[in-house]
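J.: Got a structure for you, final.cif, holding mmCIF, C-alpha atoms and all ligand atoms.
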```
data_query
#
loop_
_atom_site.label_atom_id
_atom_site.label_comp_id
_atom_site.auth_asym_id
_atom_site.auth_seq_id
_atom_site.Cartn_x
_atom_site.Cartn_y
_atom_site.Cartn_z
CA MET A 46 20.56 25.89 -1.05
CA GLU A 47 18.48 25.26 2.05
CA LYS A 48 19.29 21.92 3.74
CA LYS A 49 17.39 20.17 6.55
CA SER A 50 18.25 16.85 8.10
CA ARG A 51 15.98 14.43 9.83
CA LYS A 52 17.23 11.22 11.37
CA HIS A 53 16.88 9.22 8.14
CA LEU A 54 16.38 11.89 5.47
CA ILE A 55 18.26 14.82 3.97
CA ILE A 56 15.96 17.45 2.50
CA GLU A 57 17.20 20.16 0.15
CA THR A 58 15.88 22.86 -2.15
CA PRO A 59 18.29 22.86 -5.12
CA SER A 60 16.21 25.38 -7.08
CA PRO A 61 12.98 27.32 -6.64
CA TYR A 62 9.93 25.08 -6.16
CA VAL A 63 12.04 21.87 -6.28
CA MET A 64 12.59 19.74 -3.19
CA THR A 65 14.94 16.77 -3.02
CA ILE A 66 14.52 14.08 -0.38
CA ARG A 67 17.49 11.78 0.09
CA LEU A 68 17.02 8.56 2.05
CA ASN A 69 19.88 8.53 4.51
CA ARG A 70 20.33 5.11 6.13
CA SER A 71 23.38 4.21 4.08
CA LYS A 72 24.69 1.54 6.45
CA ALA A 73 21.46 -0.44 5.97
CA LEU A 74 21.28 0.31 2.23
CA ASN A 75 18.39 2.67 2.98
CA ALA A 76 16.17 -0.15 4.20
CA LEU A 77 12.70 1.22 4.93
CA ASN A 78 12.28 0.87 8.67
CA LYS A 79 9.14 2.25 10.27
CA ALA A 80 10.87 5.44 11.48
CA LEU A 81 12.11 6.26 7.98
CA LEU A 82 8.68 5.67 6.45
CA ILE A 83 7.07 7.97 9.03
CA GLU A 84 9.64 10.73 8.35
CA LEU A 85 9.13 10.35 4.60
CA ALA A 86 5.35 10.61 4.96
CA ASP A 87 5.68 13.66 7.23
CA THR A 88 7.99 15.38 4.79
CA LEU A 89 5.66 14.71 1.87
CA ARG A 90 2.68 16.01 3.88
CA GLY A 91 4.68 19.20 4.50
CA ALA A 92 5.56 19.45 0.79
CA GLU A 93 1.91 18.87 -0.09
CA SER A 94 0.78 21.96 1.77
CA SER A 95 3.74 24.21 0.87
CA ASN A 96 3.38 26.76 -1.91
CA GLU A 97 7.18 26.65 -2.22
CA VAL A 98 7.19 23.06 -3.49
CA ARG A 99 5.93 22.12 -6.94
CA CYS A 100 7.92 18.96 -7.64
CA VAL A 101 9.86 16.50 -5.46
CA VAL A 102 12.87 14.34 -6.34
CA LEU A 103 13.27 11.24 -4.20
CA THR A 104 16.66 9.55 -4.14
CA GLY A 105 19.08 7.42 -2.12
CA ASP A 106 22.85 7.14 -2.45
CA GLU A 107 25.32 5.47 -4.83
CA ARG A 108 24.88 1.96 -3.36
CA ALA A 109 21.15 1.93 -2.91
CA PHE A 110 17.96 3.79 -3.57
CA SER A 111 16.56 1.34 -1.02
CA ALA A 112 17.05 -2.39 -0.30
CA GLY A 113 13.41 -2.64 0.80
CA ALA A 114 11.59 -3.29 4.03
CA ASP A 115 13.90 -3.56 7.02
CA ILE A 116 14.31 -7.32 7.40
CA LYS A 117 16.01 -6.90 10.77
CA GLU A 118 12.93 -5.11 12.12
CA MET A 119 10.68 -8.03 11.11
CA PRO A 120 11.36 -10.41 14.04
CA GLU A 121 10.83 -7.54 16.49
CA TYR A 122 7.42 -6.52 15.13
CA GLY A 123 6.26 -9.84 13.64
CA ILE A 124 3.37 -10.26 11.23
CA PRO A 125 1.30 -7.37 12.71
CA MET A 126 4.00 -5.02 11.32
CA TRP A 127 2.44 -5.28 7.84
CA GLY A 128 -0.93 -4.04 9.01
CA GLU A 129 0.41 -1.55 11.54
CA LYS A 130 -1.43 1.78 11.31
CA ASP A 131 1.51 4.23 11.11
CA ARG A 132 3.24 2.08 8.51
CA LEU A 133 0.11 1.85 6.35
CA LEU A 134 -0.61 5.58 6.73
CA SER A 135 2.96 6.34 5.66
CA TRP A 136 2.66 4.31 2.46
CA ARG A 137 -0.72 5.95 1.89
CA ALA A 138 0.84 9.43 2.21
CA VAL A 139 3.32 8.59 -0.56
CA GLU A 140 0.54 7.15 -2.71
CA LYS A 141 -1.69 10.20 -2.11
CA PHE A 142 1.02 12.82 -2.70
CA SER A 143 -0.58 14.99 -5.35
CA LYS A 144 2.48 16.82 -6.73
CA PRO A 145 4.86 15.28 -9.28
CA LEU A 146 7.32 12.88 -7.65
CA ILE A 147 10.48 11.86 -9.51
CA ALA A 148 12.67 8.93 -8.45
CA ALA A 149 16.41 9.20 -9.09
CA VAL A 150 17.66 5.63 -8.62
CA ASN A 151 21.25 4.48 -8.20
CA GLY A 152 22.28 1.06 -6.91
CA TRP A 153 19.68 -1.29 -5.46
CA ALA A 154 15.91 -0.72 -5.57
CA LEU A 155 14.66 -3.97 -4.07
CA GLY A 156 11.44 -5.16 -2.48
CA GLY A 157 9.79 -2.18 -0.78
CA GLY A 158 12.44 0.01 -2.47
CA CYS A 159 11.13 -1.08 -5.86
CA GLU A 160 7.55 -0.62 -4.61
CA LEU A 161 8.46 2.93 -3.58
CA VAL A 162 9.78 3.52 -7.11
CA THR A 163 6.42 2.46 -8.54
CA LEU A 164 4.71 5.22 -6.51
CA CYS A 165 6.87 7.83 -8.24
CA ASP A 166 5.59 9.46 -11.41
CA ILE A 167 8.84 9.57 -13.42
CA VAL A 168 11.84 7.30 -12.80
CA ILE A 169 15.40 8.18 -13.81
CA ALA A 170 18.02 5.46 -13.23
CA GLY A 171 21.79 5.39 -13.20
CA LYS A 172 23.33 2.75 -15.46
CA GLY A 173 24.32 0.64 -12.44
CA ALA A 174 20.84 0.63 -10.88
CA ARG A 175 19.24 -2.75 -10.18
CA PHE A 176 15.52 -3.30 -9.60
CA GLY A 177 14.08 -6.42 -8.04
CA SER A 178 11.48 -8.15 -5.91
CA PRO A 179 13.57 -10.62 -3.88
CA GLU A 180 10.94 -11.20 -1.18
CA VAL A 181 10.43 -14.79 -2.37
CA LYS A 182 13.92 -15.53 -0.96
CA ILE A 183 12.62 -14.87 2.56
CA ALA A 184 9.31 -16.61 1.80
CA ALA A 185 7.43 -13.34 1.52
CA PHE A 186 6.03 -11.27 -1.34
CA SER A 187 5.85 -7.62 -2.43
CA GLY A 188 3.18 -6.81 0.11
CA ASP A 189 3.33 -3.02 0.00
CA GLY A 190 1.58 -2.86 -3.35
CA GLY A 191 4.20 -4.55 -5.53
CA THR A 192 2.15 -7.58 -6.57
CA GLN A 193 -0.47 -5.14 -7.91
CA ARG A 194 1.47 -2.13 -9.18
CA ILE A 195 4.51 -3.80 -10.75
CA PRO A 196 2.49 -5.93 -13.23
CA ARG A 197 0.39 -2.87 -14.16
CA ILE A 198 3.60 -1.07 -15.17
CA ILE A 199 5.71 -3.83 -16.77
CA GLY A 200 3.09 -6.48 -17.59
CA ARG A 201 2.17 -9.76 -15.95
CA PRO A 202 4.82 -12.14 -17.41
CA ARG A 203 7.69 -9.81 -16.53
CA ALA A 204 6.32 -9.23 -13.03
CA MET A 205 5.96 -13.01 -12.63
CA TYR A 206 9.58 -13.45 -13.69
CA MET A 207 10.82 -10.82 -11.21
CA GLN A 208 8.69 -11.91 -8.27
CA LEU A 209 8.90 -15.70 -8.71
CA THR A 210 12.67 -15.83 -9.30
CA GLY A 211 13.67 -12.89 -7.09
CA GLU A 212 16.27 -12.03 -9.76
CA PRO A 213 17.00 -8.30 -10.25
CA ILE A 214 16.88 -6.53 -13.61
CA ASP A 215 19.35 -3.89 -14.74
CA ALA A 216 18.56 -0.24 -15.52
CA GLU A 217 18.35 -0.72 -19.28
CA THR A 218 15.98 -3.68 -18.94
CA ALA A 219 13.88 -1.61 -16.52
CA ARG A 220 13.75 1.15 -19.14
CA ASP A 221 12.83 -1.31 -21.91
CA TRP A 222 10.08 -2.73 -19.67
CA GLY A 223 8.63 0.72 -18.96
CA LEU A 224 9.59 1.11 -15.29
CA VAL A 225 12.28 3.69 -16.03
CA VAL A 226 12.01 6.70 -18.34
CA GLU A 227 15.70 7.45 -18.84
CA VAL A 228 19.06 5.84 -18.02
CA THR A 229 21.97 8.17 -17.18
CA PRO A 230 25.59 7.74 -16.11
CA ASP A 231 25.52 6.99 -12.36
CA ASP A 232 26.95 10.37 -11.39
CA LYS A 233 24.32 12.28 -13.42
CA THR A 234 21.13 10.62 -12.15
CA VAL A 235 20.16 13.15 -9.50
CA LYS A 236 21.24 16.10 -11.67
CA ARG A 237 19.04 14.88 -14.52
CA ALA A 238 16.07 14.29 -12.19
CA ILE A 239 16.45 17.85 -10.86
CA GLU A 240 16.57 19.22 -14.42
CA ILE A 241 13.27 17.49 -15.16
CA ALA A 242 11.81 18.77 -11.87
CA GLU A 243 12.86 22.32 -12.82
CA ILE A 244 10.95 22.04 -16.11
CA ILE A 245 7.84 20.76 -14.31
CA ALA A 246 8.14 23.48 -11.64
CA LYS A 247 7.85 26.18 -14.33
CA TRP A 248 4.31 25.11 -15.16
CA SER A 249 1.11 25.88 -13.30
CA PRO A 250 0.99 23.71 -10.16
CA VAL A 251 -2.77 23.38 -10.65
CA ALA A 252 -2.18 21.95 -14.11
CA THR A 253 0.57 19.51 -13.07
CA ARG A 254 -1.51 18.27 -10.13
CA MET A 255 -4.53 17.69 -12.34
CA ILE A 256 -2.44 15.89 -14.96
CA LYS A 257 -1.05 13.58 -12.27
CA GLU A 258 -4.50 12.92 -10.85
CA GLU A 259 -6.01 12.27 -14.26
CA ILE A 260 -3.24 9.91 -15.41
CA ARG A 261 -3.43 8.07 -12.08
CA MET A 262 -7.18 7.51 -12.65
CA ASN A 263 -6.01 5.04 -15.31
CA ASP A 264 -5.08 2.59 -12.59
CA LYS A 265 -8.36 2.82 -10.78
CA MET A 266 -11.25 3.24 -13.16
CA PRO A 267 -12.78 1.83 -16.29
CA LEU A 268 -12.20 4.10 -19.32
CA ASP A 269 -15.80 5.39 -19.57
CA GLU A 270 -15.77 6.58 -15.96
CA SER A 271 -12.31 8.15 -16.09
CA LEU A 272 -13.16 9.95 -19.35
CA SER A 273 -16.20 11.57 -17.80
CA LEU A 274 -14.22 12.54 -14.69
CA GLU A 275 -11.51 14.01 -16.92
CA ARG A 276 -14.19 16.24 -18.48
CA LYS A 277 -15.25 17.42 -15.02
CA LEU A 278 -11.69 18.45 -14.16
CA LEU A 279 -11.43 20.80 -17.10
CA LEU A 280 -8.40 23.03 -16.70
CA TRP A 281 -9.84 26.08 -18.36
CA GLN A 282 -11.65 27.02 -15.17
CA THR A 283 -8.41 28.22 -13.55
CA GLU A 284 -6.70 31.63 -13.43
CA ASP A 285 -3.46 29.94 -14.47
CA HIS A 286 -5.09 28.72 -17.67
CA ASP A 287 -6.20 32.30 -18.50
CA GLU A 288 -2.65 33.45 -17.76
CA GLY A 289 -1.17 30.70 -19.99
CA ILE A 290 -3.35 31.80 -22.92
CA ALA A 291 -2.65 35.52 -22.33
CA ALA A 292 1.11 34.88 -22.16
CA PHE A 293 1.01 32.91 -25.40
CA VAL A 294 -0.93 35.64 -27.21
CA GLU A 295 1.29 38.42 -25.79
CA LYS A 296 4.47 36.42 -26.58
CA ARG A 297 5.79 36.50 -23.00
CA GLU A 298 6.63 34.02 -20.24
CA PRO A 299 3.57 33.03 -18.15
CA LYS A 300 3.46 33.85 -14.43
CA PHE A 301 1.60 30.97 -12.81
CA LYS A 302 0.16 31.44 -9.33
CA GLY A 303 -1.31 28.02 -8.65
CA ARG A 304 -4.94 29.18 -8.83
N1 LIG B 1 16.82 -4.78 5.72
C1 LIG B 1 17.71 -4.57 6.72
N2 LIG B 1 19.03 -4.48 6.51
C2 LIG B 1 19.48 -4.60 5.26
C3 LIG B 1 18.60 -4.81 4.17
C4 LIG B 1 17.21 -4.90 4.45
N3 LIG B 1 16.30 -5.06 3.48
N4 LIG B 1 19.34 -4.91 3.03
C5 LIG B 1 20.62 -4.74 3.40
N5 LIG B 1 20.71 -4.56 4.75
C6 LIG B 1 21.91 -4.34 5.54
C7 LIG B 1 22.75 -5.63 5.66
O1 LIG B 1 22.23 -6.46 6.68
C8 LIG B 1 24.11 -5.06 5.96
O2 LIG B 1 24.15 -4.68 7.31
P1 LIG B 1 25.45 -5.04 8.23
O3 LIG B 1 26.57 -4.27 7.58
O4 LIG B 1 25.06 -4.53 9.57
O5 LIG B 1 25.62 -6.51 8.14
C9 LIG B 1 24.14 -3.78 5.13
O6 LIG B 1 22.80 -3.44 4.85
C10 LIG B 1 24.85 -3.95 3.79
O7 LIG B 1 24.27 -5.07 3.12
P2 LIG B 1 25.13 -6.30 2.56
O8 LIG B 1 26.36 -6.50 3.35
O9 LIG B 1 24.20 -7.47 2.42
O10 LIG B 1 25.52 -5.70 1.13
P3 LIG B 1 25.84 -6.51 -0.20
O11 LIG B 1 26.36 -5.50 -1.16
O12 LIG B 1 26.64 -7.73 0.07
O13 LIG B 1 24.39 -7.04 -0.72
C11 LIG B 1 22.06 -6.78 -1.25
C12 LIG B 1 23.43 -6.10 -1.15
C13 LIG B 1 22.06 -7.79 -2.41
C14 LIG B 1 21.04 -5.68 -1.54
C15 LIG B 1 21.71 -7.52 0.07
O14 LIG B 1 21.94 -6.62 1.16
C16 LIG B 1 20.30 -8.01 0.18
O15 LIG B 1 19.96 -9.01 -0.44
N6 LIG B 1 19.44 -7.32 0.96
C17 LIG B 1 18.06 -7.72 1.19
C18 LIG B 1 17.17 -7.24 0.06
C19 LIG B 1 15.75 -7.77 0.25
O16 LIG B 1 15.51 -8.95 0.43
N7 LIG B 1 14.78 -6.84 0.19
C20 LIG B 1 13.39 -7.15 0.35
C21 LIG B 1 12.97 -7.01 1.78
S1 LIG B 1 11.28 -7.49 2.06
C22 LIG B 1 10.40 -6.16 1.43
O17 LIG B 1 10.91 -5.20 0.96
C23 LIG B 1 8.96 -6.06 1.38
C24 LIG B 1 7.83 -6.74 1.54
O18 LIG B 1 6.85 -6.20 1.02
C25 LIG B 1 7.75 -8.03 2.28
#
```
Any chance you could give the structure as structure tokens?
T.:
Amino acid sequence: MEKKSRKHLIIETPSPYVMTIRLNRSKALNALNKALLIELADTLRGAESSNEVRCVVLTGDERAFSAGADIKEMPEYGIPMWGEKDRLLSWRAVEKFSKPLIAAVNGWALGGGCELVTLCDIVIAGKGARFGSPEVKIAAFSGDGGTQRIPRIIGRPRAMYMQLTGEPIDAETARDWGLVVEVTPDDKTVKRAIEIAEIIAKWSPVATRMIKEEIRMNDKMPLDESLSLERKLLLWQTEDHDEGIAAFVEKREPKFKGR
């Protein structure tokens, strides 16, 4: 397995076409300082343009996926930190990542850590995972998209509860509320996320990218508009679609090329 380390990330390729990115600031519970966000964005940009990557698993460690924005960095940078260009571009790179992104969450996913989870397409959580928006406790709010994305996923009253009280929810509640797809024993979370990534990586990368883009249109557009755009993105104009049909008819495994 190929392994690369950056200052705050560990990047591995556990199987063909699958990349794992592990946040690696354990001592600060993987708090998202500016340097980590920039490394994450860079790594995703690299994965975006690589033909060797079809699905990415994003994870932390046993104690924390991420405890959110780095509170200790806040006095140093002050209010301008929130609008700072590199920070915003980094969040944008995660948001714009066009390949499937799976979160494998153990421990805390708080504040910006929970916001990062909401940018992932599928979320797998260990039984001990805790999700929350505690920003209210420091007289702030989920300003990296959380006030908008969290209610779209779990509904307004539940988002109000989380963001007005600052109280975390456990993994099973997060699953019941639609934030998490599957709860696993804590030591199986990453393994399960990789298994799902391996399934996705078998399929045509053109198809999986289009599916992600089309489902994401849900958040942005009225139904009439997104339905007509869906029709414009018809998959049967690709070589991979021809190959999928041929493989089905010939009773063999398809060989997808991403075209
Ligand atoms: N930023 C910077 N450092 C953090 C951090 C954060 N968000 N969260 C934890 N740490 C650091 C702690 O300061 C501590 O460092 P030291 O050992 O140097 O003192 C280390 O990580 C371990 O943390 P604790 O000792 O506090 O661990 P614990 O198990 O007792 O508590 C916790 C865990 C409940 C998650 C607690 O650390 C905590 O409440 N953290 C803050 C979580 C938070 O408020 N997140 C939201 C930040 S604001 C935001 O994300 C976004 C926004 O849009 C405004």
J.: Of the candidates A:Glu118, A:Glu295, A:Glu288, A:Glu227, which shows the shortest atom-to-atom distance to ligand LIG 1 (chain B), using all atoms listed in the file?
T.: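 Closest to ligand LIG 1 (chain B) of all the choices is A:Glu118.
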J.: Enumerate as a PDB file with C-alpha atoms, in the coordinates of the input the residues within 8 Å of ligand LIG 1 (chain B), counting all atoms listed in the file.
T.:
```pdb
ATOM      1  CA  SER A  71      23.380   4.210   4.080  1.00  0.00           C
ATOM      2  CA  LYS A  72      24.690   1.540   6.450  1.00  0.00           C
ATOM      3  CA  ALA A  73      21.460  -0.440   5.970  1.00  0.00           C
ATOM      4  CA  LEU A  74      21.280   0.310   2.230  1.00  0.00           C
ATOM      5  CA  ASN A  75      18.390   2.670   2.980  1.00  0.00           C
ATOM      6  CA  ALA A  76      16.170  -0.150   4.200  1.00  0.00           C
ATOM      7  CA  LEU A  77      12.700   1.220   4.930  1.00  0.00           C
ATOM      8  CA  ASN A  78      12.280   0.870   8.670  1.00  0.00           C
ATOM      9  CA  ARG A 108      24.880   1.960  -3.360  1.00  0.00           C
ATOM     10  CA  ALA A 109      21.150   1.930  -2.910  1.00  0.00           C
ATOM     11  CA  SER A 111      16.560   1.340  -1.020  1.00  0.00           C
ATOM     12  CA  ALA A 112      17.050  -2.390  -0.300  1.00  0.00           C
ATOM     13  CA  GLY A 113      13.410  -2.640   0.800  1.00  0.00           C
ATOM     14  CA  ALA A 114      11.590  -3.290   4.030  1.00  0.00           C
ATOM     15  CA  ASP A 115      13.900  -3.560   7.020  1.00  0.00           C
ATOM     16  CA  ILE A 116      14.310  -7.320   7.400  1.00  0.00           C
ATOM     17  CA  LYS A 117      16.010  -6.900  10.770  1.00  0.00           C
ATOM     18  CA  GLU A 118      12.930  -5.110  12.120  1.00  0.00           C
ATOM     19  CA  TRP A 153      19.680  -1.290  -5.460  1.00  0.00           C
ATOM     20  CA  LEU A 155      14.660  -3.970  -4.070  1.00  0.00           C
ATOM     21  CA  GLY A 156      11.440  -5.160  -2.480  1.00  0.00           C
ATOM     22  CA  GLY A 157       9.790  -2.180  -0.780  1.00  0.00           C
ATOM     23  CA  GLY A 158      12.440   0.010  -2.470  1.00  0.00           C
ATOM     24  CA  CYS A 159      11.130  -1.080  -5.860  1.00  0.00           C
ATOM     25  CA  GLU A 160       7.550  -0.620  -4.610  1.00  0.00           C
ATOM     26  CA  SER A 178      11.480  -8.150  -5.910  1.00  0.00           C
ATOM     27  CA  PRO A 179      13.570 -10.620  -3.880  1.00  0.00           C
ATOM     28  CA  GLU A 180      10.940 -11.200  -1.180  1.00  0.00           C
ATOM     29  CA  LYS A 182      13.920 -15.530  -0.960  1.00  0.00           C
ATOM     30  CA  ILE A 183      12.620 -14.870   2.560  1.00  0.00           C
ATOM     31  CA  ALA A 185       7.430 -13.340   1.520  1.00  0.00           C
ATOM     32  CA  PHE A 186       6.030 -11.270  -1.340  1.00  0.00           C
ATOM     33  CA  SER A 187       5.850  -7.620  -2.430  1.00  0.00           C
ATOM     34  CA  GLY A 188       3.180  -6.810   0.110  1.00  0.00           C
ATOM     35  CA  ASP A 189       3.330  -3.020   0.000  1.00  0.00           C
ATOM     36  CA  GLY A 190       1.580  -2.860  -3.350  1.00  0.00           C
ATOM     37  CA  GLY A 191       4.200  -4.550  -5.530  1.00  0.00           C
TER      38      GLY A 191
END
```
J.: Separation of atom CA of A:Leu268 and atom CA of A:Ile256, in Å?
T.: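 Between atom CA of A:Leu268 and atom CA of A:Ile256 the gap is 15.9 Å.
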J.: Which is closest to A:Arg99 among A:Glu258, A:Asp269, A:Glu140, A:Glu243, if we use only C-alpha atoms?
T.: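 Result for the nearest residue to A:Arg99: A:Glu243.
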J.: Could you tell me how far atom CA of A:Arg237 sits from atom CA of A:Arg175, in Å to one decimal place?
T.: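 Computing it gives 18.2 Å between the two atoms.
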J.: For A:Ser249, which residue among A:Arg70, A:Lys48, A:Arg132, A:Lys144 is the nearest when counting all atoms listed in the file?
T.: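 Using all atoms listed in the file, A:Ser249 sits closest to A:Lys144.
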J.: To box stretch 57-74 of chain A, take all atoms listed in the file, fit an axis-aligned box, add 6 Å on each side, and give centre and edge lengths in Å to one decimal, as lines of an AutoDock Vina configuration file.
T.:
```
center_x = 17.3
center_y = 13.4
center_z = -0.3
size_x = 26.8
size_y = 39.8
size_z = 25.5
```
J.: Rounded to one decimal, what separation in Å do you get between atom CA of A:Leu54 and atom CA of A:Val102?
T.: 12.6 Å
J.: Measuring between all atoms listed in the file, which one of A:Pro250, A:Pro267, A:Glu107, A:Ala154 shows the shortest distance to A:Arg304?
T.: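 Looking at the shortest contact to A:Arg304, the residue is A:Pro250.
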J.: Using only C-alpha atoms, can you tell me which of A:Thr192, A:Ser273, A:Thr210, A:Thr104 comes closest to A:Ala238?
T.: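 Looking only at the distances to A:Ala238, the closest residue turns out to be A:Thr104.
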J.: Could stretch 253-268 of chain A be completed with N, CA, C and O atoms and written as a CSV table (one decimal), keeping the file's coordinate frame, please?
T.:
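The resulting selection_21.csv:
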```
chain,number,residue,atom,x,y,z
A,253,THR,N,-0.2,20.7,-13.2
A,253,THR,CA,0.6,19.5,-13.1
A,253,THR,C,-0.1,18.6,-12.1
A,253,THR,O,-0.1,17.3,-12.3
A,254,ARG,N,-0.8,19.1,-11.1
A,254,ARG,CA,-1.5,18.3,-10.1
A,254,ARG,C,-2.7,17.6,-10.8
A,254,ARG,O,-2.9,16.4,-10.6
A,255,MET,N,-3.4,18.3,-11.7
A,255,MET,CA,-4.5,17.7,-12.3
A,255,MET,C,-4.1,16.6,-13.3
A,255,MET,O,-4.7,15.6,-13.4
A,256,ILE,N,-3.0,16.9,-14.0
A,256,ILE,CA,-2.4,15.9,-15.0
A,256,ILE,C,-2.1,14.6,-14.2
A,256,ILE,O,-2.5,13.5,-14.6
A,257,LYS,N,-1.4,14.8,-13.1
A,257,LYS,CA,-1.0,13.6,-12.3
A,257,LYS,C,-2.3,12.8,-11.8
A,257,LYS,O,-2.4,11.6,-12.0
A,258,GLU,N,-3.3,13.6,-11.3
A,258,GLU,CA,-4.5,12.9,-10.8
A,258,GLU,C,-5.2,12.2,-12.0
A,258,GLU,O,-5.7,11.1,-11.8
A,259,GLU,N,-5.3,12.9,-13.1
A,259,GLU,CA,-6.0,12.3,-14.3
A,259,GLU,C,-5.3,11.0,-14.8
A,259,GLU,O,-5.9,10.0,-15.1
A,260,ILE,N,-4.0,11.1,-14.9
A,260,ILE,CA,-3.2,9.9,-15.4
A,260,ILE,C,-3.4,8.8,-14.4
A,260,ILE,O,-3.5,7.6,-14.8
A,261,ARG,N,-3.3,9.1,-13.1
A,261,ARG,CA,-3.4,8.1,-12.1
A,261,ARG,C,-4.8,7.4,-12.1
A,261,ARG,O,-4.9,6.3,-11.6
A,262,MET,N,-5.8,8.1,-12.6
A,262,MET,CA,-7.2,7.5,-12.6
A,262,MET,C,-7.2,6.2,-13.5
A,262,MET,O,-8.0,5.4,-13.3
A,263,ASN,N,-6.2,6.2,-14.5
A,263,ASN,CA,-6.0,5.0,-15.3
A,263,ASN,C,-6.0,3.7,-14.5
A,263,ASN,O,-6.4,2.7,-15.0
A,264,ASP,N,-5.3,3.8,-13.4
A,264,ASP,CA,-5.1,2.6,-12.6
A,264,ASP,C,-6.4,2.1,-11.9
A,264,ASP,O,-6.5,1.0,-11.5
A,265,LYS,N,-7.3,3.1,-11.7
A,265,LYS,CA,-8.4,2.8,-10.8
A,265,LYS,C,-9.7,2.6,-11.4
A,265,LYS,O,-10.6,2.0,-10.9
A,266,MET,N,-9.9,3.2,-12.6
A,266,MET,CA,-11.2,3.2,-13.2
A,266,MET,C,-11.4,2.7,-14.6
A,266,MET,O,-10.4,2.8,-15.3
A,267,PRO,N,-12.5,2.2,-14.9
A,267,PRO,CA,-12.8,1.8,-16.3
A,267,PRO,C,-12.7,3.1,-17.2
A,267,PRO,O,-13.0,4.2,-16.7
A,268,LEU,N,-12.4,2.9,-18.4
A,268,LEU,CA,-12.2,4.1,-19.3
A,268,LEU,C,-13.4,5.1,-19.4
A,268,LEU,O,-13.2,6.3,-19.3
```
